[in-house]
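Participant: Have a look at the structure that comes next, please.
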Amino acid sequence: MKKAIIIGLAVTAFVALLISKQVTGNKDAPEMHIAEVEQGNIADSILASGNLVFNTQVQLRSEVTGRVAKVFVEEGESVTEGDILMRLDTTAFESEVARNKAVLRATEIDIKHSETRLKNIERQLSRQKELYEVGLAGQEVYENLQNARDLAKIDIEAKREAYNQAQASLLIAEDRLNKSVFRAPMSGLLASVNIKEGETVIAGTTNIIGSDLMLVADPSAILAELRVDETDIAGIKLDQHADIYAAAYPNQPFTGKVINIGTSAKNQAGSQGLSFKVKVLLDATDRQLYAGMSCRAEIATSIAENGLKLPIEAIQKEDDSYFVWKLNADNTVTKTAVTVGISSDIEQALTSGVSQGDRIVIGPARPLSSLKEGDTVAVKNSPEKGAK
Amino acid sequence: MKSSNVMTALVDIFISPSKAFNGLKEAKGWSFVAFILLAGILAASMFAFYNKADPQFLIDQQVAVASVDATIAEQKMIRQSMEQTIDLQVWFAMIGGIIGLAVINALMAGYYLFVSKQDPEANYGYGAWYGFGVWTMMPMIISSLGLLILVLTASTDQISQSLFNYASINQLLIGLEIGHPFYTLLESLNIFSIWGIFIAAIGLKSWTNFTFNKALLFAALPSIVIYGIWTVIALV
């Protein structure tokens, strides 16, 4: 009897333990965010990053080597075509011109000298000819003179070529003198000035690129040079619209159009992937932009116009079909099959299954994934507005 | 008095263990039935648990336990590795549970064989003591049945693995939080293992000429040693 009581107590205690440990879970209806199906445009887009550059820009380099005597401009200054920007020390170039002029004059004098000699020989030759014809002079002397006249003619020809040579040298020297003065090749903005008075500029040769002097750019048109990953390049076409986000204006995009698509993939520094260079010409803007700024771009590759759309998190997938949880008037949910169109990063276009104004459960994700047909949910005011 | 067949023995082991052990002396084959029953119910409760539990919730729980001191990056790694193995956990729990049962019982059988040498008249072999060990674990059947009932009656799939230890000293009496040095120790110590110690003591007394106190000491000694060492580690 006593044992029976103990056993009874033990069983009761065990049952009580199980009841106390009963996992009840949250019986309340889960709080869910709701979005309405809306009509609107969706742009599917490709993301790429790159840098801003001026549409037209000229990099000034030197063709001559020399020391900088004077820089007349400063970075950021506007210049018009032909303005003198800087000048090298011209002493050496001027002396070179003077020397070449002297050489030219010397050859001129040489020519005169040879011409005079030719006249003299010709005079002697005509006299000897008369004497030879009457038999008073020997044939040898006459022929020697003939020979001397021919040589003198050749000599003059050689001197004339030397004169041409000297003239060409003078032109080169004058050109070098000219090139020691740098003029603006176009009107625009001096985007950079990398040289100071007293520095020596080096002329570019086959293997040496030469000193960077200045960058003259036309600031009225700015390009975004984007690096588009090879997997995305197929979607990019000329004239596609792009939103450009410069680092300085992270929330206000600039607009632009694709004007050029690179034709060969390049290895991107610091990454394994290949990318294409795509140029986007920015529309005119009042905001100040500078070349070299980094930027990222969203290029709209396809646009669904005026279709039904939902925030992308509303779309659930089961095997190969898609569905959404439609909220009924009594706050129960119904599983509704939909067919999907294109999608952007945040929105999904729907081609059938729902109609405008339908209320759809969009989250949070955990309870959304465990919803069952006919479940009641509580509508939570979503902090972030769903579909825009 | 002794149990007449394996079915009565399976009841007697809970209400009057000495009867069951007296019967077992002559019918060692009963232990197979007991082991299969024990393993079956253990596997069934594990299967029911993992079948019902929401895998994401389980991962969250396990990451929380495993990453008390981990950085965010480490947590991410732990989470990733768990997500890969979550589908296998049910098999680990079922097969691992049965193998663990067999291995631990093998060690205990060796221990019982050793202590039985204290009594010159007790001359049971290793196999007999292995069967004996199985019977001392029978409270686990009640424990597993309880888990099975808890899982099946749970009204949500958000059930955590701490449900396994629903009868632990920690959950019944103390209520320490995860991360406390004594948390794992007290979670693993439960009323069913204490019950098992008493059954083992009664069984030892029945199979040998030990006094009850001596039998109780021998039955409890492994647990005392293990939990003693554990306590020292937890304190250091």
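Labels used: A, B, ... for chains in the order of the structure tokens, numbers from 1 for residues in each chain, and numbers from 1 for ligands as shown.
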Which parts of region 117-311 of chain A does DSSP call strand (DSSP E or B) when run on the backbone here, written out as a PyMOL selection string?
Facilitator: chain A and resi 181-183+188-193+200-201+212-229+241-246+254-261+266-267+274-282+294-311
Participant: Quick check: residues of chain B within 12 Å of chain A, only C-alpha atoms, returned as a PyMOL selection string.
Facilitator: chain B and resi 11-12+14-16+53-57+60+142-160+162-168+171-173+191-192+195
Participant: CA of Phe72 (chain A) and CA of Asp218 (chain A) are how many Å apart?
Facilitator: 19.6 Å
Participant: Please determine, counting only C-alpha atoms, which residue among A:Ala162, A:Ile236, A:Val324, A:Leu215 has the shortest atom-to-atom distance to Leu368 (chain A).
Facilitator: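 Ranking A:Ala162, A:Ile236, A:Val324, A:Leu215 by distance to Leu368 (chain A), first place goes to A:Val324.
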Participant: Hey, what's within 9 Å of Phe218 (chain B) if we count only C-alpha atoms and toss same-chain stuff fewer than 2 positions away? As a compact mmCIF listing (two decimals) with C-alpha atoms, in the first residue's frame, please?
Facilitator:
# COMPACT_ATOMS: atom_id res chain seq x y z
CA TYR B 112 30.97 -3.49 -12.10
CA VAL B 115 33.92 -3.96 -7.89
CA ALA B 200 22.42 0.07 -9.65
CA ALA B 201 22.90 0.07 -5.87
CA LEU B 204 24.63 -4.67 -6.72
CA ASN B 213 25.47 1.31 1.89
CA LYS B 214 28.49 -0.33 0.30
CA ALA B 215 26.52 -1.08 -2.84
CA LEU B 216 25.29 2.51 -2.99
CA ALA B 220 27.57 6.21 -7.09
CA LEU B 221 31.37 6.23 -7.21
CA PRO B 222 31.77 6.74 -11.03
Participant: With only C-alpha atoms as the counted atoms, please give the residues lying no more than 8 Å from Thr339 (chain A), apart from itself and same-chain residues fewer than 6 positions off, as a PyMOL selection string.
Facilitator: chain A and resi 321-323+350-353
Participant: Could you save those same residues with C-alpha atoms as a PDB file, in the first residue's frame?
Facilitator:
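Wrote selection_22.pdb, looks like this:
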ATOM      1  CA  SER A 321       7.023  28.038 -58.921  1.00  0.00           C
ATOM      2  CA  TYR A 322       6.641  31.359 -57.163  1.00  0.00           C
ATOM      3  CA  PHE A 323       3.935  32.476 -54.773  1.00  0.00           C
ATOM      4  CA  LEU A 350       4.604  40.395 -61.481  1.00  0.00           C
ATOM      5  CA  THR A 351       2.837  39.430 -64.636  1.00  0.00           C
ATOM      6  CA  SER A 352      -0.076  37.492 -63.162  1.00  0.00           C
ATOM      7  CA  GLY A 353      -1.623  36.218 -59.937  1.00  0.00           C
TER       8      GLY A 353
END
Participant: Residues within 8 Å of Ile111 (chain A), please, as a list of chain:residue names. Count only C-alpha atoms; anything in the same chain fewer than 4 positions from it doesn't count.
Facilitator: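 Selected residues are A:Thr107, A:Glu115, A:Ile156, A:Lys159, A:Arg160.
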Participant: Which residues are near region 146-151 of chain A? Cut-off 12 Å, only C-alpha atoms, ignore same chain within fewer than 4 positions. Put them as a list in words.
Facilitator: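 Non-adjacent residues within range: Ser114, Glu115, Thr116, Arg117, Leu118, Lys119, Asn120, Ile121, Glu122, Arg123, Gln124, Leu125, Ser126, Arg127, Gln128, Lys129, Gln139, Glu140, Val141, Tyr142, Asp155, Ile156, Glu157 and Ala158 of chain A.
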Participant: Save the residues we just selected, N, CA and C atoms, as a short mmCIF file (atom, residue, chain, number, x, y, z; two decimals), in the first residue's frame?
Facilitator:
data_model
loop_
_atom_site.label_atom_id
_atom_site.label_comp_id
_atom_site.auth_asym_id
_atom_site.auth_seq_id
_atom_site.Cartn_x
_atom_site.Cartn_y
_atom_site.Cartn_z
N SER A 114 83.03 79.92 -104.70
CA SER A 114 83.17 78.91 -105.76
C SER A 114 82.71 79.45 -107.10
N GLU A 115 81.65 80.29 -107.06
CA GLU A 115 81.14 80.86 -108.31
C GLU A 115 82.19 81.78 -108.96
N THR A 116 82.83 82.57 -108.12
CA THR A 116 83.88 83.47 -108.63
C THR A 116 84.99 82.65 -109.28
N ARG A 117 85.38 81.55 -108.59
CA ARG A 117 86.43 80.70 -109.12
C ARG A 117 86.02 80.11 -110.48
N LEU A 118 84.75 79.71 -110.59
CA LEU A 118 84.25 79.13 -111.84
C LEU A 118 84.35 80.13 -112.98
N LYS A 119 83.92 81.42 -112.66
CA LYS A 119 83.99 82.46 -113.70
C LYS A 119 85.44 82.63 -114.20
N ASN A 120 86.35 82.64 -113.25
CA ASN A 120 87.78 82.80 -113.57
C ASN A 120 88.25 81.66 -114.48
N ILE A 121 87.88 80.43 -114.12
CA ILE A 121 88.29 79.28 -114.91
C ILE A 121 87.69 79.37 -116.31
N GLU A 122 86.43 79.78 -116.37
CA GLU A 122 85.77 79.87 -117.68
C GLU A 122 86.43 80.92 -118.57
N ARG A 123 86.82 82.05 -117.94
CA ARG A 123 87.55 83.09 -118.71
C ARG A 123 88.84 82.50 -119.29
N GLN A 124 89.63 81.85 -118.39
CA GLN A 124 90.91 81.24 -118.83
C GLN A 124 90.66 80.23 -119.96
N LEU A 125 89.58 79.46 -119.78
CA LEU A 125 89.27 78.41 -120.75
C LEU A 125 88.97 79.00 -122.13
N SER A 126 88.19 80.13 -122.15
CA SER A 126 87.85 80.70 -123.47
C SER A 126 89.11 81.26 -124.16
N ARG A 127 90.00 81.88 -123.32
CA ARG A 127 91.25 82.39 -123.89
C ARG A 127 92.08 81.24 -124.45
N GLN A 128 92.26 80.20 -123.65
CA GLN A 128 93.06 79.04 -124.09
C GLN A 128 92.46 78.38 -125.34
N LYS A 129 91.12 78.44 -125.43
CA LYS A 129 90.46 77.83 -126.57
C LYS A 129 90.87 78.54 -127.87
N GLN A 139 97.30 71.08 -126.30
CA GLN A 139 96.00 70.44 -126.03
C GLN A 139 95.84 70.11 -124.54
N GLU A 140 96.94 69.72 -123.90
CA GLU A 140 96.87 69.29 -122.49
C GLU A 140 96.40 70.40 -121.58
N VAL A 141 96.98 71.59 -121.77
CA VAL A 141 96.60 72.73 -120.92
C VAL A 141 95.11 73.01 -121.10
N TYR A 142 94.67 72.98 -122.38
CA TYR A 142 93.27 73.26 -122.66
C TYR A 142 92.34 72.25 -121.97
N ASP A 155 81.54 71.42 -107.51
CA ASP A 155 81.80 72.02 -106.19
C ASP A 155 80.65 72.94 -105.80
N ILE A 156 80.21 73.75 -106.77
CA ILE A 156 79.11 74.68 -106.45
C ILE A 156 77.84 73.91 -106.07
N GLU A 157 77.58 72.82 -106.86
CA GLU A 157 76.39 72.02 -106.53
C GLU A 157 76.45 71.50 -105.10
N ALA A 158 77.65 70.97 -104.70
CA ALA A 158 77.83 70.44 -103.34
C ALA A 158 77.61 71.53 -102.32
#
Participant: Measuring atom to atom with only C-alpha atoms, identify which of B:Ile95, B:Ala109, B:Leu24, B:Ile169 is nearest to Lys2 (chain B).
Facilitator: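 Of the candidates, the smallest distance to Lys2 (chain B) is held by B:Leu24.
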Participant: Just want the 9 Å neighbourhood of Ser343 (chain A), counted on only C-alpha atoms, with same-chain residues fewer than 5 positions away dropped. Output as a PyMOL selection string.
Facilitator: chain A and resi 42-45+304+309+312+348-349
Participant: Apply DSSP to the structure's backbone, then extract all residues of region 25-160 of chain B labelled alpha helix (DSSP H) and return them as an MDAnalysis selection string.
Facilitator: chainID B and resid 25:26 30:52 55:66 72:85 89:116 126:136 139:153
Participant: Can you write just those residues out, C-alpha atoms, as a tab-separated table (two decimals), in the first residue's frame?
Facilitator:
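Output file selection-v8.tsv is given in full below:
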chain	number	residue	atom	x	y	z
B	25	LYS	CA	20.45	-13.64	-12.48
B	26	GLU	CA	19.07	-16.66	-14.23
B	30	TRP	CA	16.41	-10.42	-20.96
B	31	SER	CA	19.08	-7.76	-21.25
B	32	PHE	CA	18.88	-7.85	-25.06
B	33	VAL	CA	15.20	-7.01	-24.93
B	34	ALA	CA	15.91	-4.22	-22.48
B	35	PHE	CA	18.74	-2.82	-24.62
B	36	ILE	CA	16.66	-2.89	-27.82
B	37	LEU	CA	13.75	-1.24	-26.05
B	38	LEU	CA	16.01	1.43	-24.58
B	39	ALA	CA	17.80	2.11	-27.87
B	40	GLY	CA	14.51	2.17	-29.77
B	41	ILE	CA	12.81	4.67	-27.50
B	42	LEU	CA	15.95	6.84	-27.35
B	43	ALA	CA	16.20	6.90	-31.17
B	44	ALA	CA	12.47	7.55	-31.50
B	45	SER	CA	12.60	10.56	-29.19
B	46	MET	CA	15.63	11.97	-31.04
B	47	PHE	CA	13.95	11.46	-34.39
B	48	ALA	CA	10.75	13.11	-33.17
B	49	PHE	CA	12.72	16.07	-31.84
B	50	TYR	CA	14.77	16.78	-34.98
B	51	ASN	CA	11.81	16.07	-37.20
B	52	LYS	CA	9.74	18.71	-35.46
B	55	PRO	CA	16.40	23.89	-38.24
B	56	GLN	CA	17.04	27.66	-38.32
B	57	PHE	CA	15.94	27.97	-34.71
B	58	LEU	CA	18.20	25.05	-33.72
B	59	ILE	CA	21.15	26.70	-35.49
B	60	ASP	CA	20.48	29.98	-33.71
B	61	GLN	CA	20.42	28.16	-30.38
B	62	GLN	CA	23.55	26.16	-31.04
B	63	VAL	CA	25.46	29.18	-32.29
B	64	ALA	CA	24.46	31.02	-29.14
B	65	VAL	CA	25.79	28.18	-26.96
B	66	ALA	CA	28.95	27.58	-28.98
B	72	ILE	CA	31.31	37.95	-35.03
B	73	ALA	CA	33.53	36.37	-37.70
B	74	GLU	CA	33.88	33.20	-35.63
B	75	GLN	CA	30.13	33.10	-35.09
B	76	LYS	CA	29.66	33.31	-38.81
B	77	MET	CA	32.02	30.38	-39.33
B	78	ILE	CA	30.29	28.32	-36.66
B	79	ARG	CA	26.93	29.14	-38.24
B	80	GLN	CA	28.13	28.13	-41.68
B	81	SER	CA	29.49	24.81	-40.52
B	82	MET	CA	26.28	24.12	-38.61
B	83	GLU	CA	24.12	24.95	-41.59
B	84	GLN	CA	26.02	22.34	-43.54
B	85	THR	CA	25.55	19.64	-40.93
B	89	GLN	CA	22.29	16.02	-36.82
B	90	VAL	CA	19.27	13.77	-36.50
B	91	TRP	CA	21.35	10.75	-37.59
B	92	PHE	CA	24.23	11.77	-35.34
B	93	ALA	CA	21.80	12.00	-32.44
B	94	MET	CA	20.09	8.69	-33.15
B	95	ILE	CA	23.04	6.51	-34.11
B	96	GLY	CA	25.48	8.35	-31.86
B	97	GLY	CA	23.06	7.99	-28.96
B	98	ILE	CA	22.81	4.22	-29.38
B	99	ILE	CA	26.56	3.75	-29.90
B	100	GLY	CA	27.27	6.03	-26.94
B	101	LEU	CA	24.91	3.97	-24.84
B	102	ALA	CA	26.73	0.74	-25.80
B	103	VAL	CA	30.19	2.22	-25.22
B	104	ILE	CA	29.41	3.80	-21.86
B	105	ASN	CA	27.74	0.59	-20.73
B	106	ALA	CA	30.83	-1.35	-21.80
B	107	LEU	CA	32.94	0.81	-19.51
B	108	MET	CA	30.42	0.51	-16.68
B	109	ALA	CA	30.32	-3.30	-17.11
B	110	GLY	CA	34.09	-3.37	-16.65
B	111	TYR	CA	33.71	-1.25	-13.56
B	112	TYR	CA	30.97	-3.49	-12.10
B	113	LEU	CA	33.09	-6.56	-12.84
B	114	PHE	CA	35.95	-4.92	-10.98
B	115	VAL	CA	33.92	-3.96	-7.89
B	116	SER	CA	32.20	-7.37	-7.80
B	126	TYR	CA	31.76	-9.52	-18.11
B	127	GLY	CA	28.72	-10.30	-20.28
B	128	ALA	CA	26.50	-10.65	-17.24
B	129	TRP	CA	27.65	-7.30	-15.91
B	130	TYR	CA	27.07	-5.75	-19.36
B	131	GLY	CA	23.45	-6.89	-19.13
B	132	PHE	CA	23.31	-5.60	-15.57
B	133	GLY	CA	24.48	-2.17	-16.78
B	134	VAL	CA	21.69	-2.02	-19.34
B	135	TRP	CA	19.11	-2.50	-16.61
B	136	THR	CA	20.58	0.24	-14.47
B	139	PRO	CA	15.19	5.20	-16.18
B	140	MET	CA	16.36	6.63	-19.50
B	141	ILE	CA	13.27	5.00	-21.03
B	142	ILE	CA	11.08	7.16	-18.82
B	143	SER	CA	13.26	10.14	-19.61
B	144	SER	CA	13.02	9.54	-23.38
B	145	LEU	CA	9.29	8.91	-23.21
B	146	GLY	CA	8.94	12.22	-21.39
B	147	LEU	CA	10.95	13.97	-24.12
B	148	LEU	CA	8.83	12.28	-26.76
B	149	ILE	CA	5.64	13.52	-25.07
B	150	LEU	CA	7.05	17.05	-24.72
B	151	VAL	CA	8.04	17.16	-28.39
B	152	LEU	CA	4.77	15.74	-29.66
B	153	THR	CA	2.65	18.06	-27.56
